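Peer 1: My file is work_17.pdb. It has PDB, C-alpha atoms and all ligand atoms:
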```pdb
ATOM      1  CA  MET A  27      12.893  21.663   9.746
ATOM      2  CA  ARG A  28      16.285  20.467  10.901
ATOM      3  CA  CYS A  29      19.176  20.785   8.456
ATOM      4  CA  PRO A  30      20.224  17.293   7.364
ATOM      5  CA  TYR A  31      23.831  18.424   6.971
ATOM      6  CA  CYS A  32      24.683  20.301  10.156
ATOM      7  CA  GLY A  33      21.631  19.697  12.340
ATOM      8  CA  GLY A  34      20.828  23.416  12.484
ATOM      9  CA  LEU A  35      17.199  24.155  13.296
ATOM     10  CA  ASP A  36      16.946  27.500  11.588
ATOM     11  CA  THR A  37      16.467  26.494   7.933
ATOM     12  CA  GLN A  38      14.550  28.761   5.580
ATOM     13  CA  VAL A  39      12.120  28.072   2.750
ATOM     14  CA  LYS A  40      13.364  29.565  -0.514
ATOM     15  CA  ASP A  41      10.678  28.315  -2.818
ATOM     16  CA  SER A  42       7.386  26.353  -2.650
ATOM     17  CA  ARG A  43       5.613  24.701  -5.522
ATOM     18  CA  PRO A  44       3.418  21.681  -6.225
ATOM     19  CA  SER A  45       5.121  18.515  -7.455
ATOM     20  CA  ASP A  46       4.483  17.538 -11.078
ATOM     21  CA  ASP A  47       1.416  15.502 -10.222
ATOM     22  CA  SER A  48       0.219  18.037  -7.647
ATOM     23  CA  SER A  49       0.066  15.370  -4.977
ATOM     24  CA  ALA A  50       2.636  17.184  -2.879
ATOM     25  CA  ILE A  51       4.111  20.593  -2.202
ATOM     26  CA  ARG A  52       7.841  20.692  -2.514
ATOM     27  CA  ARG A  53       9.815  23.268  -0.647
ATOM     28  CA  ARG A  54      13.392  24.174  -1.344
ATOM     29  CA  ARG A  55      15.134  25.052   1.849
ATOM     30  CA  ILE A  56      18.445  26.547   2.721
ATOM     31  CA  CYS A  57      20.392  26.394   5.950
ATOM     32  CA  PRO A  58      21.906  29.739   6.927
ATOM     33  CA  ASP A  59      24.372  27.994   9.237
ATOM     34  CA  CYS A  60      26.118  25.764   6.702
ATOM     35  CA  GLY A  61      24.676  26.828   3.333
ATOM     36  CA  GLY A  62      23.183  23.379   2.846
ATOM     37  CA  ARG A  63      20.245  23.109   0.432
ATOM     38  CA  PHE A  64      17.588  20.442   0.569
ATOM     39  CA  THR A  65      13.989  19.808  -0.428
ATOM     40  CA  THR A  66      11.035  18.779   1.695
ATOM     41  CA  PHE A  67       7.640  17.494   0.644
ATOM     42  CA  GLU A  68       4.261  18.054   2.187
ATOM     43  CA  ARG A  69       1.742  15.330   1.418
ATOM     44  CA  VAL A  70      -1.627  13.994   2.304
ATOM     45  CA  GLN A  71      -1.560  11.194   4.804
ATOM     46  CA  LEU A  72      -4.754   9.244   4.442
ATOM     47  CA  ARG A  73      -4.389   7.257   7.594
ATOM     48  CA  GLU A  74      -2.020   6.069  10.228
ATOM     49  CA  LEU A  75      -0.445   2.758   9.391
ATOM     50  CA  ILE A  76       1.279   0.333  11.705
ATOM     51  CA  VAL A  77       3.954  -1.956  10.339
ATOM     52  CA  VAL A  78       4.160  -5.431  11.800
ATOM     53  CA  LYS A  79       7.733  -6.656  11.536
ATOM     54  CA  ARG A  80       8.789 -10.240  11.098
ATOM     55  CA  SER A  81       9.621 -10.345  14.786
ATOM     56  CA  GLY A  82       6.054  -9.308  15.559
ATOM     57  CA  ARG A  83       7.190  -5.897  16.746
ATOM     58  CA  LYS A  84       4.956  -3.029  15.650
ATOM     59  CA  VAL A  85       6.212   0.348  14.534
ATOM     60  CA  PRO A  86       4.505   3.317  12.880
ATOM     61  CA  PHE A  87       4.800   3.323   9.112
ATOM     62  CA  ASP A  88       7.616   5.641   8.090
ATOM     63  CA  ARG A  89       7.374   6.965   4.545
ATOM     64  CA  ASP A  90      10.887   8.425   4.715
ATOM     65  CA  LYS A  91      12.281   5.054   5.603
ATOM     66  CA  LEU A  92      10.475   3.509   2.668
ATOM     67  CA  GLN A  93      11.833   6.246   0.445
ATOM     68  CA  ARG A  94      15.373   5.709   1.696
ATOM     69  CA  SER A  95      15.303   1.992   0.936
ATOM     70  CA  VAL A  96      13.917   2.677  -2.538
ATOM     71  CA  GLU A  97      16.592   5.328  -3.107
ATOM     72  CA  THR A  98      19.294   2.972  -1.900
ATOM     73  CA  ALA A  99      18.192   0.382  -4.424
ATOM     74  CA  LEU A 100      18.144   3.065  -7.147
ATOM     75  CA  ARG A 101      21.489   4.629  -6.246
ATOM     76  CA  LYS A 102      23.318   5.830  -9.356
ATOM     77  CA  ARG A 103      20.570   4.525 -11.600
ATOM     78  CA  PRO A 104      19.234   6.807 -14.335
ATOM     79  CA  VAL A 105      15.842   7.390 -12.726
ATOM     80  CA  GLU A 106      14.487  10.894 -12.165
ATOM     81  CA  PRO A 107      13.692  11.899  -8.570
ATOM     82  CA  GLU A 108      10.122  12.639  -9.620
ATOM     83  CA  ARG A 109       9.609   9.027 -10.644
ATOM     84  CA  ILE A 110      11.029   7.797  -7.367
ATOM     85  CA  GLU A 111       8.657  10.167  -5.638
ATOM     86  CA  ARG A 112       5.726   8.779  -7.599
ATOM     87  CA  LEU A 113       6.768   5.226  -6.874
ATOM     88  CA  VAL A 114       6.993   5.835  -3.141
ATOM     89  CA  SER A 115       3.686   7.726  -3.156
ATOM     90  CA  GLY A 116       2.022   4.948  -5.108
ATOM     91  CA  ILE A 117       3.252   2.274  -2.699
ATOM     92  CA  THR A 118       2.220   4.355   0.285
ATOM     93  CA  ARG A 119      -1.254   4.966  -1.105
ATOM     94  CA  ARG A 120      -1.720   1.295  -1.885
ATOM     95  CA  LEU A 121      -0.731   0.377   1.640
ATOM     96  CA  GLU A 122      -3.016   3.031   3.077
ATOM     97  CA  SER A 123      -5.940   1.896   0.992
ATOM     98  CA  THR A 124      -5.904  -1.766   1.987
ATOM     99  CA  GLY A 125      -8.404  -0.873   4.676
ATOM    100  CA  GLU A 126      -6.272  -2.483   7.341
ATOM    101  CA  ALA A 127      -4.674  -0.487  10.126
ATOM    102  CA  GLU A 128      -1.704  -2.822  10.111
ATOM    103  CA  VAL A 129       0.519  -3.903   7.283
ATOM    104  CA  THR A 130       3.288  -6.499   7.418
ATOM    105  CA  SER A 131       6.859  -5.627   6.509
ATOM    106  CA  GLU A 132       6.619  -8.480   4.002
ATOM    107  CA  ALA A 133       3.736  -6.762   2.245
ATOM    108  CA  ILE A 134       5.761  -3.566   2.006
ATOM    109  CA  GLY A 135       8.733  -5.469   0.626
ATOM    110  CA  GLU A 136       6.535  -7.098  -1.994
ATOM    111  CA  ALA A 137       5.031  -3.748  -2.956
ATOM    112  CA  VAL A 138       8.485  -2.221  -3.366
ATOM    113  CA  MET A 139       9.599  -5.115  -5.518
ATOM    114  CA  GLU A 140       6.522  -4.780  -7.700
ATOM    115  CA  GLY A 141       7.207  -1.092  -8.136
ATOM    116  CA  LEU A 142      10.917  -1.439  -8.838
ATOM    117  CA  LYS A 143      10.278  -4.230 -11.288
ATOM    118  CA  GLY A 144       8.530  -1.752 -13.545
ATOM    119  CA  LEU A 145      11.030   1.013 -12.971
ATOM    120  CA  ASP A 146      14.548  -0.359 -13.070
ATOM    121  CA  ASP A 147      15.738  -3.956 -13.310
ATOM    122  CA  VAL A 148      19.043  -3.344 -11.571
ATOM    123  CA  ALA A 149      17.358  -1.666  -8.626
ATOM    124  CA  TYR A 150      14.868  -4.489  -8.503
ATOM    125  CA  VAL A 151      17.593  -7.126  -8.212
ATOM    126  CA  ARG A 152      19.450  -5.028  -5.649
ATOM    127  CA  PHE A 153      16.389  -4.638  -3.494
ATOM    128  CA  ALA A 154      15.292  -8.221  -3.888
ATOM    129  CA  SER A 155      18.736  -9.531  -3.023
ATOM    130  CA  VAL A 156      18.640  -7.667   0.246
ATOM    131  CA  TYR A 157      14.984  -8.323   0.918
ATOM    132  CA  LYS A 158      14.965 -11.985   0.074
ATOM    133  CA  ASN A 159      18.538 -12.666   1.078
ATOM    134  CA  PHE A 160      18.608 -15.213  -1.709
ATOM    135  CA  ARG A 161      18.141 -17.859   0.913
ATOM    136  CA  GLU A 162      17.738 -20.432  -1.773
ATOM    137  CA  ALA A 163      19.128 -20.558  -5.261
ATOM    138  CA  ARG A 164      15.564 -21.111  -6.386
ATOM    139  CA  ASP A 165      14.640 -17.592  -5.275
ATOM    140  CA  PHE A 166      17.221 -16.206  -7.633
ATOM    141  CA  GLU A 167      16.050 -18.280 -10.560
ATOM    142  CA  GLU A 168      12.494 -17.231  -9.860
ATOM    143  CA  LEU A 169      13.622 -13.634  -9.859
ATOM    144  CA  LEU A 170      15.354 -13.972 -13.206
ATOM    145  CA  GLY A 171      12.170 -15.499 -14.535
ATOM    146  CA  HIS A 172      10.203 -12.472 -13.312
ATOM    147  CA  LEU A 173      12.719 -10.145 -14.925
ATOM    148  CA  ALA A 174      12.495 -11.874 -18.268
ATOM    149  CA  ALA A 175       8.710 -11.753 -18.144
ATOM    150  CA  GLY A 176       8.811  -8.111 -17.050
ATOM    151  CA  ALA A 177      11.129  -7.132 -19.898
ATOM    152  CA  ALA A 178       8.773  -8.702 -22.396
ATOM    153  CA  GLN A 179       5.856  -6.812 -20.859
ATOM    154  CA  ALA A 180       7.721  -3.529 -20.659
ATOM    155  CA  ALA A 181       8.398  -3.641 -24.374
ATOM    156  CA  GLY A 182       4.723  -2.999 -24.974
ATOM    157  CA  ALA A 183       3.744  -0.934 -21.976
ATOM    158  CA  ASP A 184       6.411   1.716 -21.671
ATOM    159  CA  GLU A 185       4.001   4.506 -20.868
ATOM    160  CA  ALA A 186       2.359   2.743 -17.971
ATOM    161  CA  SER A 187       3.248   4.547 -14.790
ATOM    162  CA  PRO A 188       5.098   2.174 -12.494
ATOM    163  CA  ALA A 189       3.916   4.150  -9.500
ATOM    164  CA  ASP A 190       0.370   3.002  -9.791
ATOM    165  CA  ALA A 191       1.323  -0.429 -11.038
ATOM    166  CA  SER A 192      -1.967  -2.143 -11.411
ATOM    167  CA  VAL A 193      -0.167  -5.462 -11.148
ATOM    168  CA  PRO A 194      -1.640  -7.169  -8.129
ATOM    169  CA  ILE A 195       0.820  -7.795  -5.375
ATOM    170  CA  ASP A 196       1.525 -11.460  -4.914
ATOM    171  CA  PRO A 197      -0.475 -12.685  -1.990
ATOM    172  CA  ALA A 198       1.869 -12.382   0.937
ATOM    173  CA  PRO A 199       1.926 -15.234   3.413
ATOM    174  CA  PRO A 200      -1.150 -14.825   5.593
ATOM    175  CA  ALA A 201      -0.447 -12.019   7.989
ATOM    176  CA  ARG A 202      -0.512 -13.122  11.543
ATOM    177  CA  ARG A 203      -2.584 -10.352  12.965
ATOM    178  CA  PRO A 204      -2.981 -11.069  16.624
ATOM    179  CA  ARG A 205      -6.348  -9.909  17.810
ATOM    180  CA  SER A 206      -4.737  -9.335  21.127
ATOM    181  CA  ARG A 207      -7.224  -6.807  22.394
ATOM    182  CA  ALA A 208      -9.443  -9.588  23.704
ATOM    183  CA  SER A 209      -6.788 -11.327  25.769
TER     184      SER A 209
HETATM  185 ZN    ZN B 301      23.090  23.259   7.939
END
```
If you took the structure in this file and wrote it as structure tokens, what would it be?
Peer 2:
Amino acid sequence: MRCPYCGGLDTQVKDSRPSDDSSAIRRRRICPDCGGRFTTFERVQLRELIVVKRSGRKVPFDRDKLQRSVETALRKRPVEPERIERLVSGITRRLESTGEAEVTSEAIGEAVMEGLKGLDDVAYVRFASVYKNFREARDFEELLGHLAAGAAQAAGADEASPADASVPIDPAPPARRPRSRAS
């Protein structure tokens, strides 16, 4: 595993243990070249997913990329890494279990927003502002409406795990899934 700090390839595992929910093995690693310490996770991947971007371009689903965008939204927020981990795992599992080989980037964005909504309001607004671009003022008002409703809900359901938010994802605009194999 390449060192994220210096790029060295010779990193060593110092410690391995299951994550809190036992859905992953976390390994603490150290880089002998620069002394950098970091953690890696080993997880089940149920299936290969392809992401269909707005442009129509298709790329393999990248859990790390998903995690980075969630972490960016949660930067400096008081949320434990384990909860972020659970959120990202929950989103990933939901995407994997749709039964479709392809998932739109919109659907991922919606899933992240659903997850963040239950986890941290500030992160939710941050993510949504980037994701939606606030193209219209109406979007923003809608968002504030969601937040108000979410706060009211959260008051009663604090123990509910946001990672497996049972809240159905808003139906995304119908995915254009070209059945191009025939042509
Ligand atoms: Zn290093």
Peer 1: For ligand ZN 301 (chain B), list the contacting residues at 9 Å or closer, counting all atoms listed in the file, as a VMD selection string.
Peer 2: chain A and resid 28 to 37 56 to 63
Peer 1: Go through A:Glu106, A:Asp146, A:Glu122, A:Glu132 one by one, measure the shortest atom-to-atom distance of each to Lys158 (chain A) using all atoms listed in the file, and give the residue with the smallest value.
Peer 2: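 The shortest atom-to-atom distance to Lys158 (chain A) comes from A:Glu132.
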Peer 1: Selected by the PyMOL selection byres (((chain A and resi 113) around 10) and not hetatm) in the shown coordinates: which residues, as a ChimeraX atom specification?
Peer 2: /A:93,96,107-112,114-119,137-138,141-142,144-145,187-191
Peer 1: Please produce an output containing C-alpha atoms for each residue in the selection, written as a PDB file, in the frame of the given file.
Peer 2:
```pdb
ATOM      1  CA  GLN A  93      11.833   6.246   0.445  1.00  0.00           C
ATOM      2  CA  VAL A  96      13.917   2.677  -2.538  1.00  0.00           C
ATOM      3  CA  PRO A 107      13.692  11.899  -8.570  1.00  0.00           C
ATOM      4  CA  GLU A 108      10.122  12.639  -9.620  1.00  0.00           C
ATOM      5  CA  ARG A 109       9.609   9.027 -10.644  1.00  0.00           C
ATOM      6  CA  ILE A 110      11.029   7.797  -7.367  1.00  0.00           C
ATOM      7  CA  GLU A 111       8.657  10.167  -5.638  1.00  0.00           C
ATOM      8  CA  ARG A 112       5.726   8.779  -7.599  1.00  0.00           C
ATOM      9  CA  VAL A 114       6.993   5.835  -3.141  1.00  0.00           C
ATOM     10  CA  SER A 115       3.686   7.726  -3.156  1.00  0.00           C
ATOM     11  CA  GLY A 116       2.022   4.948  -5.108  1.00  0.00           C
ATOM     12  CA  ILE A 117       3.252   2.274  -2.699  1.00  0.00           C
ATOM     13  CA  THR A 118       2.220   4.355   0.285  1.00  0.00           C
ATOM     14  CA  ARG A 119      -1.254   4.966  -1.105  1.00  0.00           C
ATOM     15  CA  ALA A 137       5.031  -3.748  -2.956  1.00  0.00           C
ATOM     16  CA  VAL A 138       8.485  -2.221  -3.366  1.00  0.00           C
ATOM     17  CA  GLY A 141       7.207  -1.092  -8.136  1.00  0.00           C
ATOM     18  CA  LEU A 142      10.917  -1.439  -8.838  1.00  0.00           C
ATOM     19  CA  GLY A 144       8.530  -1.752 -13.545  1.00  0.00           C
ATOM     20  CA  LEU A 145      11.030   1.013 -12.971  1.00  0.00           C
ATOM     21  CA  SER A 187       3.248   4.547 -14.790  1.00  0.00           C
ATOM     22  CA  PRO A 188       5.098   2.174 -12.494  1.00  0.00           C
ATOM     23  CA  ALA A 189       3.916   4.150  -9.500  1.00  0.00           C
ATOM     24  CA  ASP A 190       0.370   3.002  -9.791  1.00  0.00           C
ATOM     25  CA  ALA A 191       1.323  -0.429 -11.038  1.00  0.00           C
TER      26      ALA A 191
END
```
Peer 1: Report, in Å with one decimal, the straight-line distance from CA of Val151 (chain A) to CA of Glu128 (chain A).
Peer 2: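 Result for CA of Val151 (chain A) versus CA of Glu128 (chain A): 27.0 Å, one decimal.
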Peer 1: With all atoms listed in the file as the basis for distance, which of A:Glu97, A:Asp88, A:Tyr150, A:Arg52 is at the shortest distance from Leu121 (chain A)?
Peer 2: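 Of A:Glu97, A:Asp88, A:Tyr150, A:Arg52, the one nearest Leu121 (chain A), counting all atoms listed in the file, is A:Asp88.
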Peer 1: Expressed in Å to a single decimal, how great is the separation between CA of Val105 (chain A) and CA of Val70 (chain A)?
Peer 2: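 Going from CA of Val105 (chain A) over to CA of Val70 (chain A), I get 24.0 Å.
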Peer 1: Expressed in Å to a single decimal, how great is the separation between CA of Arg73 (chain A) and CA of Arg120 (chain A)?
Peer 2: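 Between these atoms lies a distance of 11.5 Å.
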Peer 1: Output the residue selection produced by the PyMOL selection byres (((chain A and resi 74-84) around 6) and not hetatm) on the file above, formatted as a ChimeraX atom specification.
Peer 2: /A:73,85-87,127-131
Peer 1: On this file, the PyMOL selection byres (((chain A and resi 53) around 7) and not hetatm) gives some set of residues; write that set as a compact mmCIF listing (two decimals) with C-alpha atoms, in the frame of the given file.
Peer 2:
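Produced file out.txt, reproduced below:
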```txt
# COMPACT_ATOMS: atom_id res chain seq x y z
CA VAL A 39 12.12 28.07 2.75
CA ASP A 41 10.68 28.32 -2.82
CA SER A 42 7.39 26.35 -2.65
CA ARG A 43 5.61 24.70 -5.52
CA ILE A 51 4.11 20.59 -2.20
CA ARG A 52 7.84 20.69 -2.51
CA ARG A 54 13.39 24.17 -1.34
CA ARG A 55 15.13 25.05 1.85
CA THR A 65 13.99 19.81 -0.43
CA THR A 66 11.04 18.78 1.70
CA PHE A 67 7.64 17.49 0.64
```
Peer 1: If we count all atoms listed in the file and set the cut-off at 6 Å, which residues sit around Ala50 (chain A), ignoring sequence neighbours fewer than 3 positions away in its own chain? Please answer as a ChimeraX atom specification.
Peer 2: /A:44-45,68-69
Peer 1: Could you tell me which of A:Thr98, A:Met27, A:Phe153, A:Thr124 comes closest to Glu136 (chain A) if we count all atoms listed in the file?
Peer 2: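 The shortest atom-to-atom distance to Glu136 (chain A) comes from A:Phe153.
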